[in-house]
Structures are given as structure tokens and as C-alpha cells.
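Colleague: Below is one structure. I have some questions about it.
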Amino acid sequence: MELPAEDRESSPCTGYTRAHWEAAADALLAAVAPYATPDRALYHLPGDHVSRAGHLSDGLEGYARTLLLAAFRGDETTLGRYAEGLAAGPGGVWPAVVDRSQPLVEAASIALALRLTRPLLWDRLDDSVRERTADWLADALTAEAWPCNWELFPVTVGGFLQETGHRTEAARKAIDRGLERIEGWYLGDGWYTDGDGRKFDYYNGWAMHLYTVLHAWLADDGELLSLYGRRLSRHLEDYAHLFGGDGAPLHQGRSLTYRFATTAPLWLGALTGHTPLPPGVTRRLASGALRYFLDGGAVDERGLLPLGWLGPDESLVQDYSGPASPYWASKGFLGLLLPPDHEVWTAPEEPGPVERADEVRSLPAPNWLVQSTRSDGLVRLHNHGSEDTRYDPYYTRLAYSTATVPAPSYDNSVIVDGDPSRTGIEPLGTGEGWIASRHTVRDGVTVTSVVLAEGAAEVRAHLVAGAAPGTPVRITGWAAREGVRADLLPVRGLSDELAGETGNGEATLFVALARLTGEPDPAPLPDLVSVQVREGHEVSVRWASGTATAFRFTPSDGRPSRPAWTVTHL
């Protein structure tokens with residue numbers, strides 16, 4: 001991919017400007033063009049993996065997701081190619097939109113693209129093409145969605161059809177129904193769970209916030225925009241802390257193959273005026289992420305985005321993934337809707353949160369603790385509240401970072417009798433420099449965990465309850481990679497190999513020191529923190545900075561009854 005020369009005057013952190021984003025969009029669109037069918041209604045990108053929806057649906061996905069990129073780019077010539085596809089696709093080439101089907105997802109991308117480019121694309125189509133397209137899209141208004149972010153796909157289609165005067169009553173009902181259904185998933189502080197339970201991941205930004213805020217903004221609905229915009233702004237206060245100094249987004253959650261779609265909520269805040277971030281920070285975070293992926297090899301020799309992260313990676317492929325699935329990354333180009341003279345493009349870049357100072361930040365709604373260090377630009381996430389066992393290991397680990405990936409050998413886990421399971425995660429609170437939770441290993445066996453952090457150092461304490469005496473327990477830490485060092489040292493109940501066994505009491509405490517660092521010559525971990533364990537499962541921690549804290553594991557009903565233990569911060 002050929003990009004313009006760096007501009008370190010206006011973009012001292014990344015060197016990227018709007019011209020780089022435009023060049024990247026143009027290159028991605030040019031690379032997919034040869035894979036269109038002769039009628040340009042389908043884009044069959046190369047790849048061995050066919051999604052569960054099938055080959056035809058995968059071709060529709062290729063059309064819809066790259067159309068969205070073309071819409072953000074706004075180039076009339078490119079949009080003309082997609083106009084040809086509209087002449088054929090809805091007339092029988094595209095699969096129908098039915099209940100819980102992948103075409104429902106793609107209908108939302110098509111509708112959003114048509115709404116954003118109406119003067120350039122929709123308004124120039126023949127009446128018959130518009131009618132066939134509207135009829136095809138209209139099935140999305142009544143199709144049953146999976147109970148998650150999918151509820152917003154009929155909303156997005158409904159917004160476009162209502163604006164263009166097609167099926168307006170059905171469109172209004174679809175909008176109202178979808179917005180009502182997601183309301184119960186908003187848990188405060190800018191965070192949604194992606195459906196029932198506690199599923200926190202990137203779908204917060206690139207789906208829940210994106211579709212609600214864009215719908216309100218495009219509909220010019222001030223009341224809705226105020227509601228959803230406030231939520232987005234609050235979300236961005238936390239979200240800005242999830243990018244590493246090298247631009248890497250946090251490696252957690254499903255659909256990571258969407259890569260720089262992680263930048264969509266950053267641009268969305270600037271586009272709609274609902275952001276707490278200065279324009280120079282917005283661009284620095286977004287451009288940093290784009291550069292991280294482009295420099296890291298996310299685009300292959302054909303100019304395509306394969307399924308993966310920094311190149312092909314089968315571990316990131318879900319059963320719904322097809323060859324064109326990575327092109328949800330198109331959402332990352334939302335910033336091109338902002339004109340060249342907007343301050344987000346003209347203001348000098350400013351350092352992101354991780355580049356300004358070390359920080360340990362509590363996120364109460366998802367019950368996460370974000371630990372970042374300025375010296376190496378690493379961001380670590382201690383997960384004590386997000387769970388989606390369908391997509392293990394990207395939800396069930398105790399911690400994630402911008403520099404590591406979950407290891408199949410169960411990094412960041414408590415393994416009881418060979419079982420690393422972590423289900424039924426119950427948040428037990430978070431505060432200044434600490435976080436706690438309880439989870440189930442198997443019936444009757446639980447682990448209650450507390451993590452404390454300062455700088456790059458961590459204290460991890462795990463109380464195993466309900467297991468028979470002599471049950472083996474093993475603690476694992478970070479999975480080291482090139483350029484980062486991982487430390488894990490025993491403190492209580494563990495051998496030098498980080499293994500131990502449960503005692504004769506109702507519960508057994510295991511404590512370790514942990515660290516993930518990119519510093520080439522870090523101080524010895526025991527020099528950074530000291531830990532004392534007292535009777536009654538009480539743990540005292542003193543950091544090298546002089547800060548001290550303590551906590552105690554206690555039975556939640558006041559007596560040692562299996563297995564409901566909780567944590568009291570002293």
C-alpha cells in the first residue's frame with residue numbers, strides 16, 4: 001500500500017494525516033474491485049473459510065462492507081461501481097433477509113451507506129432499482145434479530161427507509177422496537193452489554209454506540225442524540241485508555257479481525273460533537289491504530305484484509321466469519337465524513353492517555369481495571385466482569401493487554417485440578433488500584449480473586465473454596481512475546497513453579513506477584529511491592545511509592561459456608 005510521506009509537523013505522534021486515510025481507503029477499495037462478479041452485485045474475496053451463512057451470503061457481505069467504505073470515502077466513480085451492483089443484487093441475486101440471517105447484518109451496512117451518500121448514489125438510481133432495493137431492505141424491518149447488537153440492524157434500515165418514504169409505518173415500528181430492546185442492556189457509565197449477561201467488548205463502540213448515535217444524528221432527532229450522545233461521550237472517557245502507545249487496541253473480545261473498526265467510536269464523537277477528547281487526541285488514537293495495523297502487515301500482498309490481526313490468524317476466526325468479514329474495518333473510516341477543515345484534521349496531534357502518565361483506572365460498569373505505563377506504552381486490562389464462554393479465550397481470562405494475545409495453554413488463569421474454567425463471573429467491586437470478582441470452576445468450586453496494581457506491578461490473590469483437601473492448583477500469568485517480559489513470582493501457597501494444593505480448611509489462599517513490561521531492564525519485582533498475609537485471609541500490600549492497602553476475604557453470609565466468599569477492602 002502506497003501512502004503519502006509522513007507529516008511530523010501536524011502529526012508528531014503518528015505522521016498520518018487525512019491524506020493517509022484517503023490513500024488507505026482508496027487502496028483497499030481498488031484491491032477488492034477485481035473480485036466483484038460481472039454484475040458487481042457480489043464480491044467473492046479469496047480465502048479458504050466459508051462462513052456458516054454460505055458462499056452466496058459471503059459474497060453479499062463483500063459487497064455491503066466495502067460499499068460502506070466507499071460511502072465514507074465519498075468518491076463518485078467508486079460509488080458508481082456499487083450502483084451497478086444495486087441494479088442486479090436486489091432483483092434476485094442477493095439472498096433474502098430472513099430471521100436471524102447474515103443478510104440482516106449486511107442490509108444495515110447497505111442502508112447506512114445509501115443514507116450517507118443519498119445525493120451521490122440513491123437519488124441517481126432509476127426508480128425501478130430504488131424500488132427493488134427498498135423492497136429487499138424492507139424484509140429487515142420484520143426479520144427477527146439475535147438478542148444482541150443485531151437489534152440495531154432493523155433500526156438502521158428503518159431510518160433509511162423512513163427518510164426515503166418507503167414502508168414508513170413499518171420502519172417506525174422497527175426503529176422503536178430496536179431502540180427499546182437495547183435499553184435494558186445499558187448498564188451506565190457509557191457501557192452496554194451486548195445482549196443479556198455481561199458481554200463487554202468492542203461491540204460497545206462499533207455497534208451499540210455507532211448505530212444509535214448515527215441514527216439520531218442522521219434523523220436530526222435532538223432528544224435522541226442528546227441521550228445517546230451523552231452515553232457515547234462517557235464511554236469515550238474510558239475507551240481512550242484502551243489503546244497502547246504503539247497504537248495497538250486492546251486484544252480482548254470477539255471479532256478482532258475487524259481491526260481498525262476500533263477507531264469508529266473515536267470518530268463518531270468528533271462527528272456528532274459528543275466527545276470529551278480534544279481533536280488532536282482523537283486523531284492520534286485513530287491514526288495510531290490504523291498505522292499499527294498497516295505497518296504490522298494487516299494488509300496482504302494483494303492489498304486485501306485477510307481474517308486475522310497483524311496478518312492471517314486462524315485463532316480469530318469465528319463460525320460467522322467469511323472472507324469479507326474483516327471489512328467491517330470500514331467503520332474505522334468514519335472520520336472521512338468530517339471535512340478537511342474540521343479541527344480533528346487540522347489540530348496538531350496530542351499524546352494519548354498512555355503516553356501522558358502511568359495510570360490504574362477503575363471501570364465499574366464492566367468491572368474492569370485498566371493498568372497503563374508510560375515508559376513502555378503498554379495497556380493491561382484486568383477482567384473481573386466480562387464473560388462470553390462461546391468465544392473463549394477472549395472473554396474468560398483474568399487479564400488482557402495491547403501487547404499479548406491469549407495463549408491456548410491458559411495464560412492469566414487459576415487452574416484447579418487441571419480445570420481452567422471461569423464461568424459465572426460475579427463482580428465484587430473495583431476502586432483505586434484494585435478490583436475483585438468471584439467465578440465458578442465447576443459445581444461447588446469457586447475462586448474469589450483480588451488484583452491490586454501500581455505501575456507495571458500486580459498483586460494477585462485467589463481464594464479457592466469448595467475443593468477437596470489436596471486438590472492441585474496452578475496459577476498462570478502473562479504469555480510473554482517478543483519485546484515484552486512477563487514475571488510471575490509466588491508469595492503464598494505456591495511453589496517456585498506456581499503450583500500448590502488446597503488445605504484442610506474451607507478455603508485456601510494463593511498469592512503471587514505478576515508483571516508485564518516492555519522495559520528492557522526493569523527493576524526486580526520484589527523491589528516494587530511487598531506483601532504480608534495474616535490469619536483470616538487478610539492481605540496487606542505496600543508499594544515502593546509508599547502507598548499501602550489491605551483487604552480480607554470473608555464469607556458473604558458471615559460464616560465460612562461453602563462457597564460464597566467475598567472481599568472486604570480495609
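Chains: A, B, ... in order of the C-alpha cells. Residues: from 1 per chain. Ligands: from 1, in order shown.
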DSSP on the backbone, then: every residue of region 278-518 of chain A marked helix (DSSP H, G or I), written as a ChimeraX atom specification.
Modeller: /A:279-295,314-316,325-337,343-346,353-356,389-391
Colleague: Please save N, CA and C atoms of the selected residues as a CSV table (one decimal), in the first residue's frame.
Modeller:
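Saved result, result00.csv, follows:
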```
chain,number,residue,atom,x,y,z
A,279,PRO,N,-9.5,17.3,19.8
A,279,PRO,CA,-9.4,16.8,18.4
A,279,PRO,C,-8.1,16.1,18.1
A,280,GLY,N,-7.0,16.7,18.7
A,280,GLY,CA,-5.7,16.1,18.5
A,280,GLY,C,-5.5,14.8,19.1
A,281,VAL,N,-6.2,14.5,20.2
A,281,VAL,CA,-6.1,13.2,20.8
A,281,VAL,C,-6.9,12.2,20.0
A,282,THR,N,-8.1,12.6,19.5
A,282,THR,CA,-8.9,11.7,18.7
A,282,THR,C,-8.1,11.2,17.5
A,283,ARG,N,-7.5,12.2,16.8
A,283,ARG,CA,-6.8,11.8,15.6
A,283,ARG,C,-5.6,10.9,15.9
A,284,ARG,N,-4.9,11.3,17.0
A,284,ARG,CA,-3.7,10.5,17.4
A,284,ARG,C,-4.1,9.0,17.7
A,285,LEU,N,-5.2,8.8,18.4
A,285,LEU,CA,-5.6,7.4,18.8
A,285,LEU,C,-6.0,6.7,17.5
A,286,ALA,N,-6.8,7.4,16.7
A,286,ALA,CA,-7.3,6.7,15.5
A,286,ALA,C,-6.2,6.4,14.5
A,287,SER,N,-5.4,7.4,14.2
A,287,SER,CA,-4.3,7.2,13.2
A,287,SER,C,-3.3,6.2,13.8
A,288,GLY,N,-3.1,6.3,15.1
A,288,GLY,CA,-2.1,5.3,15.7
A,288,GLY,C,-2.6,3.9,15.5
A,289,ALA,N,-3.9,3.6,15.6
A,289,ALA,CA,-4.4,2.3,15.4
A,289,ALA,C,-4.3,1.9,13.9
A,290,LEU,N,-4.6,2.8,13.0
A,290,LEU,CA,-4.5,2.5,11.6
A,290,LEU,C,-3.1,2.1,11.2
A,291,ARG,N,-2.2,3.0,11.7
A,291,ARG,CA,-0.7,2.7,11.4
A,291,ARG,C,-0.2,1.4,12.0
A,292,TYR,N,-0.7,1.1,13.2
A,292,TYR,CA,-0.3,-0.1,13.9
A,292,TYR,C,-0.6,-1.3,13.0
A,293,PHE,N,-1.8,-1.3,12.4
A,293,PHE,CA,-2.2,-2.4,11.6
A,293,PHE,C,-1.5,-2.4,10.2
A,294,LEU,N,-1.4,-1.3,9.6
A,294,LEU,CA,-0.8,-1.2,8.3
A,294,LEU,C,0.7,-1.5,8.3
A,295,ASP,N,1.4,-1.0,9.3
A,295,ASP,CA,2.8,-1.3,9.5
A,295,ASP,C,3.0,-2.7,9.9
A,314,GLU,N,-5.8,-17.8,12.2
A,314,GLU,CA,-7.0,-18.7,12.3
A,314,GLU,C,-7.6,-18.7,13.7
A,315,SER,N,-6.9,-18.3,14.7
A,315,SER,CA,-7.4,-18.3,16.0
A,315,SER,C,-8.5,-17.3,16.2
A,316,LEU,N,-8.5,-16.3,15.3
A,316,LEU,CA,-9.5,-15.2,15.4
A,316,LEU,C,-10.7,-15.5,14.6
A,325,SER,N,-15.5,-10.7,5.9
A,325,SER,CA,-15.8,-10.2,7.2
A,325,SER,C,-14.9,-9.1,7.7
A,326,PRO,N,-13.6,-9.2,7.5
A,326,PRO,CA,-12.7,-8.2,8.0
A,326,PRO,C,-13.0,-6.8,7.6
A,327,TYR,N,-13.9,-6.6,6.5
A,327,TYR,CA,-14.2,-5.3,6.0
A,327,TYR,C,-15.2,-4.5,6.8
A,328,TRP,N,-15.6,-5.1,8.0
A,328,TRP,CA,-16.3,-4.2,9.0
A,328,TRP,C,-15.3,-3.2,9.5
A,329,ALA,N,-14.0,-3.4,9.2
A,329,ALA,CA,-13.0,-2.4,9.4
A,329,ALA,C,-13.3,-1.1,8.7
A,330,SER,N,-14.1,-1.2,7.7
A,330,SER,CA,-14.5,0.0,7.0
A,330,SER,C,-15.1,1.1,8.0
A,331,LYS,N,-15.7,0.7,9.1
A,331,LYS,CA,-16.2,1.6,10.0
A,331,LYS,C,-15.2,2.6,10.6
A,332,GLY,N,-13.9,2.1,10.5
A,332,GLY,CA,-12.8,3.0,11.0
A,332,GLY,C,-12.6,4.2,10.2
A,333,PHE,N,-13.2,4.2,9.0
A,333,PHE,CA,-13.0,5.4,8.1
A,333,PHE,C,-14.1,6.4,8.2
A,334,LEU,N,-14.9,6.2,9.3
A,334,LEU,CA,-16.0,7.2,9.6
A,334,LEU,C,-15.5,8.6,9.6
A,335,GLY,N,-14.3,8.8,10.0
A,335,GLY,CA,-13.7,10.2,10.1
A,335,GLY,C,-13.7,10.9,8.8
A,336,LEU,N,-13.7,10.2,7.7
A,336,LEU,CA,-13.7,10.9,6.4
A,336,LEU,C,-15.0,11.6,6.1
A,337,LEU,N,-16.0,11.4,6.9
A,337,LEU,CA,-17.2,12.2,6.8
A,337,LEU,C,-17.0,13.6,7.3
A,343,GLU,N,-11.5,20.6,12.8
A,343,GLU,CA,-10.4,20.6,13.7
A,343,GLU,C,-9.8,19.3,14.0
A,344,VAL,N,-10.5,18.2,13.8
A,344,VAL,CA,-10.0,16.9,14.1
A,344,VAL,C,-8.9,16.6,13.0
A,345,TRP,N,-9.0,17.2,11.9
A,345,TRP,CA,-7.9,17.0,10.8
A,345,TRP,C,-6.9,18.1,10.9
A,346,THR,N,-7.2,19.3,11.4
A,346,THR,CA,-6.2,20.4,11.4
A,346,THR,C,-5.5,20.6,12.6
A,353,PRO,N,-3.7,8.9,26.3
A,353,PRO,CA,-3.6,8.8,27.8
A,353,PRO,C,-2.4,8.0,28.2
A,354,VAL,N,-2.1,6.9,27.5
A,354,VAL,CA,-1.0,6.0,27.9
A,354,VAL,C,0.4,6.7,27.8
A,355,GLU,N,0.4,7.8,26.9
A,355,GLU,CA,1.7,8.5,26.7
A,355,GLU,C,1.9,9.6,27.7
A,356,ARG,N,0.9,9.9,28.5
A,356,ARG,CA,1.0,11.1,29.4
A,356,ARG,C,1.5,10.7,30.8
A,389,THR,N,-18.6,-17.3,27.3
A,389,THR,CA,-17.9,-18.5,27.1
A,389,THR,C,-17.9,-19.1,25.7
A,390,ARG,N,-18.9,-18.6,24.9
A,390,ARG,CA,-18.9,-19.0,23.5
A,390,ARG,C,-17.6,-18.7,22.7
A,391,TYR,N,-17.0,-17.6,23.1
A,391,TYR,CA,-15.8,-17.1,22.4
A,391,TYR,C,-14.6,-17.1,23.3
```
Colleague: Need to verify the contact set: Arg474 (chain A), 6 Å, only C-alpha atoms, exclusion of same-chain residues closer than 3 positions in sequence. Can you return it as a PyMOL selection string?
Modeller: chain A and resi 415+498-499
Colleague: I need the residue nearest Ala143 (chain A) from this list: A:Ser255, A:Gln102, A:Ser128, A:Thr471. Use only C-alpha atoms for the distance.
Modeller: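 Among the listed residues, the smallest separation from Ala143 (chain A) belongs to A:Gln102.
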Colleague: Using only C-alpha atoms, I'd like a table of the residues in region 312-398 of chain A that come within 6 Å of region 430-439 of chain A; for each, show the closest atom pair and its distance in Å rounded to one decimal, ordered by chain and ascending number, as a Markdown table.
Modeller:
```
| residue | atom | partner | partner_atom | distance |
| --- | --- | --- | --- | --- |
| A:Val360 | CA | A:Gly433 | CA | 5.7 |
| A:Ser362 | CA | A:Gly431 | CA | 5.9 |
| A:His384 | CA | A:Ser437 | CA | 5.3 |
```
Colleague: Please provide as a ChimeraX atom specification all residues within 6 Å of Gly15 (chain A), with the sequence filter that same-chain residues fewer than 6 positions apart are discarded (counting only C-alpha atoms).
Modeller: /A:6-8
